[in-house]
Structure formats: C-alpha cells, structure tokens
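See below for the structure under consideration.
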Amino acid sequence: MKIQILGLGNFGSFIARHFLESGFEVAGWDTAFASGRTSEKVQELEALGCRACFLLKPDVVVLALFPDQVKAECSRLDASALLVNVSSVQQPGIDALAGIGRDRILSFHTLFGPNAVKESGWKGKQMIITMEPKDERAVKILESFVPREVEMFRMSVAEHDSAMLPHALAFLMAELVQVGVEGSDTRFLIPSAQIMLSLP
C-alpha cells in the first residue's frame, strides 16, 4: 500500500517513520521542497526508504497539515485515495475536506508524538478515532498501531473536540503564565502558577 504524507514537520516525519517501519511504501512532501529546502529529518527518512515526492496515485494520503493548508492542497489530492485527518482538534481538519465523501476520510488524533515515544516507548500510548470508514485501507492503517500496543478509543468528532478543550486550555494557560513570568522572580509565584508552568 502506498502512503503519501503531506507535511513533514515533527508529526509528519514521525508518522512517516512509523509507516515505513510498518512495511508500507511511503512518500513525503512538504511545501519547503518547492523552494529547494530539505531538512535533516527528511534525509533520515530517505535513508529509511521514504521518497521525497508527490505521488500521482497514492492509496492513502495523510494530511499532517493545518486545516488552511489542507484546503490549499485539496485540488491536488487523488480522487480515489483514502484521506487521513490527524488534527489535534478534529472538526476543522474535517471541514477542510468539505465536499469529500465521509467514506474516504479516516480521522484520528494520537495523544502522543515523537517526544513521548522517544521517552517511554509506544506501549500504552492512546489514540482517538473519530471517523472510521468501511475501507480495507483504513483497517490497515489502524492495524499498524496494534503491534506497538497503542490503545484505541472511538468517539464522535464532537465528543473528541469537547474532551480536548480542557487539555488545550491547560497548555494555553501554561504558555501565558510562562510569558508572564519571563524576567520575574519565580520564587514568588503562587502554587497554581507553579503547577501550570510544569504542564508542557
């Protein structure tokens, strides 16, 4: 099965590596390539067998992009490919694919990234699946996480996004507190602010 990864930032490179190690044929594309820029991450992926190109007929396209970037790429997407939305907030990513049938969209959010896996491995990591079409390609994508002992949960898009609000708010508050204390003496922070500073 041929998988096209669009967007080779931290998460795109991470998921490309996962699919390569799972035995899929993987190609990656990033907008930086258009200006001739490649990164060390891309060179590492190429050494593992990932091709740095835009496939004409992929079986699966993983959209490791922000929703506005997805909209810009929609005209280039193959009409028969299974599209994979991996947005942290699921609805905007799905909205970016407006006009594409739900039977062509697999949507999930991994509650982990490269740093978490590097620190403690894959076992017990969690992912939430919000759209799961009856498609053998979707089954193969999800099954690739089973040997790594990733725990999978299923819920609606609305349930997921509602559950993620406190998570997103906690990170935002931690960032705001961090900005607020730059240059100040942290010995005088109240305990709740100290807790927020340790969240990221």
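As shown in the structure tokens, the chain order sets the letters A, B, ...; within each chain, residues go from 1, and ligands are also counted from 1 in the order they appear.
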
| request: From a DSSP calculation on the backbone, collect every residue of range 4-185 of chain A in strand (DSSP E) and output the set as number ranges by chain. | output: A: 4-6, 25-29, 51-52, 60-63, 82-85, 105-110, 126-131, 151-154

Let me see the file: selected residues, N, CA, C and O atoms, as a CSV table (one decimal), in the first residue's frame.
```csv
chain,number,residue,atom,x,y,z
A,4,GLN,N,1.1,8.5,1.0
A,4,GLN,CA,1.6,9.9,0.8
A,4,GLN,C,1.4,10.7,2.1
A,4,GLN,O,0.3,10.8,2.6
A,5,ILE,N,2.5,11.2,2.6
A,5,ILE,CA,2.5,12.1,3.8
A,5,ILE,C,2.6,13.5,3.3
A,5,ILE,O,3.6,13.8,2.6
A,6,LEU,N,1.6,14.3,3.5
A,6,LEU,CA,1.7,15.8,3.2
A,6,LEU,C,2.0,16.5,4.4
A,6,LEU,O,1.2,16.6,5.4
A,25,GLU,N,4.9,1.4,1.7
A,25,GLU,CA,5.7,2.2,0.8
A,25,GLU,C,5.3,3.7,1.1
A,25,GLU,O,4.1,4.0,1.0
A,26,VAL,N,6.2,4.5,1.4
A,26,VAL,CA,5.9,5.9,1.9
A,26,VAL,C,6.6,6.9,1.1
A,26,VAL,O,7.8,6.8,0.8
A,27,ALA,N,5.9,8.0,0.7
A,27,ALA,CA,6.5,9.2,0.1
A,27,ALA,C,6.0,10.4,0.9
A,27,ALA,O,4.9,10.4,1.5
A,28,GLY,N,6.9,11.3,1.1
A,28,GLY,CA,6.6,12.5,1.8
A,28,GLY,C,6.8,13.8,1.0
A,28,GLY,O,7.7,13.8,0.1
A,29,TRP,N,5.9,14.7,1.3
A,29,TRP,CA,6.0,16.0,0.5
A,29,TRP,C,5.8,17.1,1.5
A,29,TRP,O,5.0,17.0,2.4
A,51,ARG,N,10.5,8.2,0.0
A,51,ARG,CA,10.8,9.0,-1.2
A,51,ARG,C,10.3,10.4,-1.0
A,51,ARG,O,9.2,10.6,-0.5
A,52,ALA,N,11.1,11.4,-1.3
A,52,ALA,CA,10.6,12.8,-1.1
A,52,ALA,C,10.0,13.3,-2.5
A,52,ALA,O,10.7,13.8,-3.4
A,60,VAL,N,-3.3,6.1,0.1
A,60,VAL,CA,-3.7,6.8,1.3
A,60,VAL,C,-2.9,8.1,1.3
A,60,VAL,O,-1.7,8.1,0.9
A,61,VAL,N,-3.5,9.2,1.7
A,61,VAL,CA,-2.9,10.5,1.9
A,61,VAL,C,-3.1,10.9,3.3
A,61,VAL,O,-4.2,11.1,3.8
A,62,VAL,N,-2.0,11.1,4.1
A,62,VAL,CA,-2.0,11.5,5.4
A,62,VAL,C,-1.8,13.0,5.4
A,62,VAL,O,-0.7,13.5,5.0
A,63,LEU,N,-2.8,13.8,6.0
A,63,LEU,CA,-2.7,15.2,5.9
A,63,LEU,C,-2.1,15.8,7.3
A,63,LEU,O,-2.9,16.1,8.2
A,82,LEU,N,-7.7,7.3,0.1
A,82,LEU,CA,-8.3,7.5,1.4
A,82,LEU,C,-7.5,8.6,2.0
A,82,LEU,O,-6.3,8.7,2.0
A,83,LEU,N,-8.2,9.6,2.6
A,83,LEU,CA,-7.6,10.8,3.2
A,83,LEU,C,-7.6,10.6,4.7
A,83,LEU,O,-8.6,10.2,5.3
A,84,VAL,N,-6.5,10.9,5.4
A,84,VAL,CA,-6.3,10.7,6.8
A,84,VAL,C,-6.1,12.1,7.5
A,84,VAL,O,-5.1,12.7,7.2
A,85,ASN,N,-7.1,12.4,8.3
A,85,ASN,CA,-7.0,13.7,9.1
A,85,ASN,C,-6.4,13.4,10.4
A,85,ASN,O,-7.0,12.5,11.1
A,105,ILE,N,-12.7,9.4,4.3
A,105,ILE,CA,-11.9,10.1,5.4
A,105,ILE,C,-11.8,9.2,6.6
A,105,ILE,O,-12.8,8.8,7.2
A,106,LEU,N,-10.6,8.9,7.0
A,106,LEU,CA,-10.2,8.3,8.3
A,106,LEU,C,-9.7,9.5,9.1
A,106,LEU,O,-8.8,10.2,8.7
A,107,SER,N,-10.3,9.6,10.3
A,107,SER,CA,-9.8,10.7,11.2
A,107,SER,C,-9.5,10.2,12.5
A,107,SER,O,-10.3,9.5,13.2
A,108,PHE,N,-8.3,10.5,13.0
A,108,PHE,CA,-7.9,10.2,14.3
A,108,PHE,C,-6.9,11.2,14.9
A,108,PHE,O,-6.3,12.0,14.2
A,109,HIS,N,-6.7,11.1,16.2
A,109,HIS,CA,-5.8,12.0,16.9
A,109,HIS,C,-5.0,11.1,17.8
A,109,HIS,O,-5.5,10.5,18.7
A,110,THR,N,-3.7,11.1,17.6
A,110,THR,CA,-2.8,10.4,18.5
A,110,THR,C,-2.5,11.3,19.7
A,110,THR,O,-2.2,12.5,19.5
A,126,GLN,N,-2.1,6.4,23.6
A,126,GLN,CA,-3.5,6.4,23.3
A,126,GLN,C,-3.8,7.2,22.0
A,126,GLN,O,-3.1,8.2,21.7
A,127,MET,N,-4.8,6.7,21.2
A,127,MET,CA,-5.3,7.5,20.1
A,127,MET,C,-6.8,7.4,20.1
A,127,MET,O,-7.4,6.4,20.5
A,128,ILE,N,-7.4,8.5,19.6
A,128,ILE,CA,-8.8,8.6,19.5
A,128,ILE,C,-9.2,8.6,18.0
A,128,ILE,O,-8.7,9.4,17.2
A,129,ILE,N,-10.1,7.7,17.6
A,129,ILE,CA,-10.6,7.5,16.3
A,129,ILE,C,-12.0,8.2,16.2
A,129,ILE,O,-12.9,7.8,17.0
A,130,THR,N,-12.2,9.2,15.3
A,130,THR,CA,-13.5,9.9,15.3
A,130,THR,C,-14.2,9.5,14.0
A,130,THR,O,-15.4,9.7,13.9
A,131,MET,N,-13.5,9.1,12.9
A,131,MET,CA,-14.2,8.7,11.7
A,131,MET,C,-13.4,7.5,11.1
A,131,MET,O,-12.2,7.6,11.0
A,151,GLU,N,-3.3,2.0,22.5
A,151,GLU,CA,-4.7,1.8,22.9
A,151,GLU,C,-5.6,2.7,22.0
A,151,GLU,O,-5.3,3.9,21.9
A,152,MET,N,-6.6,2.2,21.5
A,152,MET,CA,-7.5,3.0,20.6
A,152,MET,C,-8.9,3.1,21.2
A,152,MET,O,-9.5,2.2,21.7
A,153,PHE,N,-9.4,4.4,21.1
A,153,PHE,CA,-10.7,4.7,21.6
A,153,PHE,C,-11.5,5.3,20.5
A,153,PHE,O,-10.9,6.0,19.6
A,154,ARG,N,-12.8,5.1,20.5
A,154,ARG,CA,-13.7,5.6,19.4
A,154,ARG,C,-14.7,6.5,20.0
A,154,ARG,O,-15.3,6.2,21.0
```

| helix (DSSP H, G or I) call set, DSSP backbone run, range 42-169 of chain A, as an NGL selection string | :A and (42-48 or 67-76 or 90-95 or 102-104 or 114-120 or 136-143 or 157-169)

Using N, CA and C atoms, can you export the residues from the last selection as a compact mmCIF listing (two decimals), in the first residue's frame?
```txt
# COMPACT_ATOMS: atom_id res chain seq x y z
N VAL A 42 14.18 14.89 6.84
CA VAL A 42 13.86 14.33 5.53
C VAL A 42 14.98 13.40 5.06
N GLN A 43 16.21 13.79 5.28
CA GLN A 43 17.35 12.95 4.88
C GLN A 43 17.33 11.63 5.65
N GLU A 44 16.95 11.69 6.95
CA GLU A 44 16.84 10.46 7.74
C GLU A 44 15.74 9.56 7.17
N LEU A 45 14.61 10.16 6.80
CA LEU A 45 13.51 9.37 6.23
C LEU A 45 13.91 8.75 4.89
N GLU A 46 14.62 9.52 4.08
CA GLU A 46 15.07 8.98 2.79
C GLU A 46 16.01 7.80 3.00
N ALA A 47 16.83 7.86 4.04
CA ALA A 47 17.75 6.76 4.35
C ALA A 47 16.98 5.50 4.75
N LEU A 48 15.75 5.69 5.28
CA LEU A 48 14.90 4.55 5.64
C LEU A 48 14.06 4.03 4.47
N PRO A 67 -5.46 22.94 8.96
CA PRO A 67 -6.64 22.93 8.07
C PRO A 67 -6.57 23.89 6.90
N ASP A 68 -6.03 25.10 7.10
CA ASP A 68 -5.96 26.03 5.97
C ASP A 68 -5.00 25.53 4.89
N GLN A 69 -3.96 24.80 5.30
CA GLN A 69 -3.03 24.21 4.34
C GLN A 69 -3.71 23.06 3.60
N VAL A 70 -4.56 22.31 4.31
CA VAL A 70 -5.30 21.21 3.68
C VAL A 70 -6.16 21.75 2.56
N LYS A 71 -6.87 22.85 2.83
CA LYS A 71 -7.74 23.45 1.79
C LYS A 71 -6.93 23.79 0.55
N ALA A 72 -5.73 24.31 0.74
CA ALA A 72 -4.88 24.69 -0.39
C ALA A 72 -4.43 23.47 -1.20
N GLU A 73 -4.31 22.32 -0.56
CA GLU A 73 -3.83 21.10 -1.23
C GLU A 73 -4.95 20.27 -1.85
N CYS A 74 -6.21 20.55 -1.49
CA CYS A 74 -7.33 19.69 -1.91
C CYS A 74 -7.39 19.44 -3.42
N SER A 75 -7.07 20.44 -4.21
CA SER A 75 -7.16 20.27 -5.66
C SER A 75 -6.14 19.27 -6.19
N ARG A 76 -5.07 19.03 -5.43
CA ARG A 76 -4.02 18.10 -5.87
C ARG A 76 -4.27 16.67 -5.42
N GLN A 90 -10.33 17.92 15.79
CA GLN A 90 -10.73 17.16 14.61
C GLN A 90 -11.64 17.91 13.62
N GLN A 91 -12.62 18.67 14.11
CA GLN A 91 -13.61 19.26 13.20
C GLN A 91 -13.01 20.19 12.15
N PRO A 92 -12.08 21.09 12.49
CA PRO A 92 -11.51 21.95 11.44
C PRO A 92 -10.81 21.16 10.33
N GLY A 93 -10.13 20.09 10.69
CA GLY A 93 -9.48 19.26 9.67
C GLY A 93 -10.48 18.60 8.75
N ILE A 94 -11.58 18.13 9.34
CA ILE A 94 -12.64 17.50 8.55
C ILE A 94 -13.34 18.55 7.69
N ASP A 95 -13.60 19.73 8.26
CA ASP A 95 -14.23 20.81 7.49
C ASP A 95 -13.39 21.21 6.28
N ARG A 102 -17.59 11.10 3.29
CA ARG A 102 -17.15 10.58 4.58
C ARG A 102 -16.53 9.19 4.44
N ASP A 103 -16.92 8.45 3.40
CA ASP A 103 -16.37 7.10 3.19
C ASP A 103 -14.92 7.13 2.72
N ARG A 104 -14.40 8.33 2.46
CA ARG A 104 -13.00 8.48 2.05
C ARG A 104 -12.14 9.13 3.12
N PRO A 114 6.37 12.36 18.81
CA PRO A 114 7.70 11.76 18.80
C PRO A 114 8.42 11.83 20.14
N ASN A 115 8.26 12.93 20.86
CA ASN A 115 8.98 13.06 22.14
C ASN A 115 8.48 12.04 23.16
N ALA A 116 7.16 11.86 23.24
CA ALA A 116 6.60 10.91 24.20
C ALA A 116 7.06 9.49 23.88
N VAL A 117 7.09 9.12 22.61
CA VAL A 117 7.52 7.78 22.21
C VAL A 117 9.01 7.60 22.49
N LYS A 118 9.79 8.64 22.23
CA LYS A 118 11.23 8.58 22.48
C LYS A 118 11.51 8.38 23.97
N GLU A 119 10.72 9.05 24.81
CA GLU A 119 10.94 8.98 26.26
C GLU A 119 10.50 7.65 26.86
N SER A 120 9.33 7.13 26.43
CA SER A 120 8.80 5.95 27.12
C SER A 120 8.27 4.85 26.21
N GLU A 136 -10.75 -1.15 3.52
CA GLU A 136 -9.62 -2.01 3.94
C GLU A 136 -8.35 -1.20 4.17
N ARG A 137 -8.21 -0.06 3.49
CA ARG A 137 -7.03 0.78 3.70
C ARG A 137 -7.05 1.38 5.11
N ALA A 138 -8.23 1.80 5.57
CA ALA A 138 -8.35 2.35 6.92
C ALA A 138 -8.02 1.28 7.95
N VAL A 139 -8.49 0.05 7.70
CA VAL A 139 -8.19 -1.06 8.60
C VAL A 139 -6.69 -1.28 8.69
N LYS A 140 -6.00 -1.27 7.56
CA LYS A 140 -4.55 -1.49 7.55
C LYS A 140 -3.81 -0.38 8.28
N ILE A 141 -4.25 0.86 8.10
CA ILE A 141 -3.62 1.99 8.80
C ILE A 141 -3.75 1.79 10.31
N LEU A 142 -4.96 1.52 10.78
CA LEU A 142 -5.19 1.37 12.22
C LEU A 142 -4.49 0.12 12.76
N GLU A 143 -4.49 -0.95 12.00
CA GLU A 143 -3.82 -2.18 12.45
C GLU A 143 -2.32 -2.00 12.61
N VAL A 157 -16.73 13.08 16.57
CA VAL A 157 -15.88 14.26 16.41
C VAL A 157 -16.20 15.28 17.50
N ALA A 158 -17.50 15.52 17.74
CA ALA A 158 -17.92 16.49 18.75
C ALA A 158 -17.46 16.07 20.15
N GLU A 159 -17.60 14.78 20.47
CA GLU A 159 -17.15 14.30 21.78
C GLU A 159 -15.64 14.51 21.95
N HIS A 160 -14.90 14.18 20.90
CA HIS A 160 -13.44 14.36 20.96
C HIS A 160 -13.08 15.81 21.20
N ASP A 161 -13.63 16.71 20.38
CA ASP A 161 -13.24 18.11 20.47
C ASP A 161 -13.65 18.71 21.81
N SER A 162 -14.77 18.28 22.34
CA SER A 162 -15.20 18.74 23.66
C SER A 162 -14.24 18.24 24.74
N ALA A 163 -13.82 16.98 24.63
CA ALA A 163 -12.90 16.39 25.61
C ALA A 163 -11.52 17.05 25.55
N MET A 164 -11.14 17.57 24.38
CA MET A 164 -9.82 18.17 24.23
C MET A 164 -9.76 19.62 24.69
N LEU A 165 -10.91 20.27 24.91
CA LEU A 165 -10.91 21.68 25.32
C LEU A 165 -10.11 21.94 26.59
N PRO A 166 -10.34 21.18 27.68
CA PRO A 166 -9.54 21.44 28.88
C PRO A 166 -8.05 21.22 28.66
N HIS A 167 -7.73 20.23 27.84
CA HIS A 167 -6.34 19.92 27.50
C HIS A 167 -5.69 21.12 26.80
N ALA A 168 -6.38 21.64 25.78
CA ALA A 168 -5.86 22.78 25.02
C ALA A 168 -5.77 24.02 25.91
N LEU A 169 -6.78 24.22 26.74
CA LEU A 169 -6.78 25.39 27.63
C LEU A 169 -5.62 25.33 28.62
```

| request: Mind giving me the straight-line distance from CA of Ala32 in chain A to CA of Ser13 in chain A in Å, one decimal? | output: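 Atom-to-atom, CA of Ala32 in chain A and CA of Ser13 in chain A are spaced 13.5 Å apart.
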
| said: If I take CA of Asp59 in chain A and CA of Asn10 in chain A, how far is one from the other in Å, to one decimal? | reply: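 Between these atoms lies a distance of 22.8 Å.
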
| message | Which residue is closest to Gly113 in chain A? Choose from A:Val89, A:Ile15, A:Leu8, A:Met1 and count only C-alpha atoms. | response |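 Among the listed residues, the smallest separation from Gly113 in chain A belongs to A:Ile15.
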
| field | Best match for closeness to Ser88 in chain A among A:Phe19, A:Phe11, A:Phe24, A:Phe54, counting only C-alpha atoms | value |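 Among the listed residues, the smallest separation from Ser88 in chain A belongs to A:Phe11.
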
| said: Taking only C-alpha atoms into account, name the residue in A:Cys53, A:Ile100, A:Val150, A:Leu111 that is nearest to Lys123 in chain A. | reply: A:Val150

| task | For CA of Met155 in chain A and CA of Phe14 in chain A, quote the distance in Å rounded to one decimal. | result | 24.2 Å
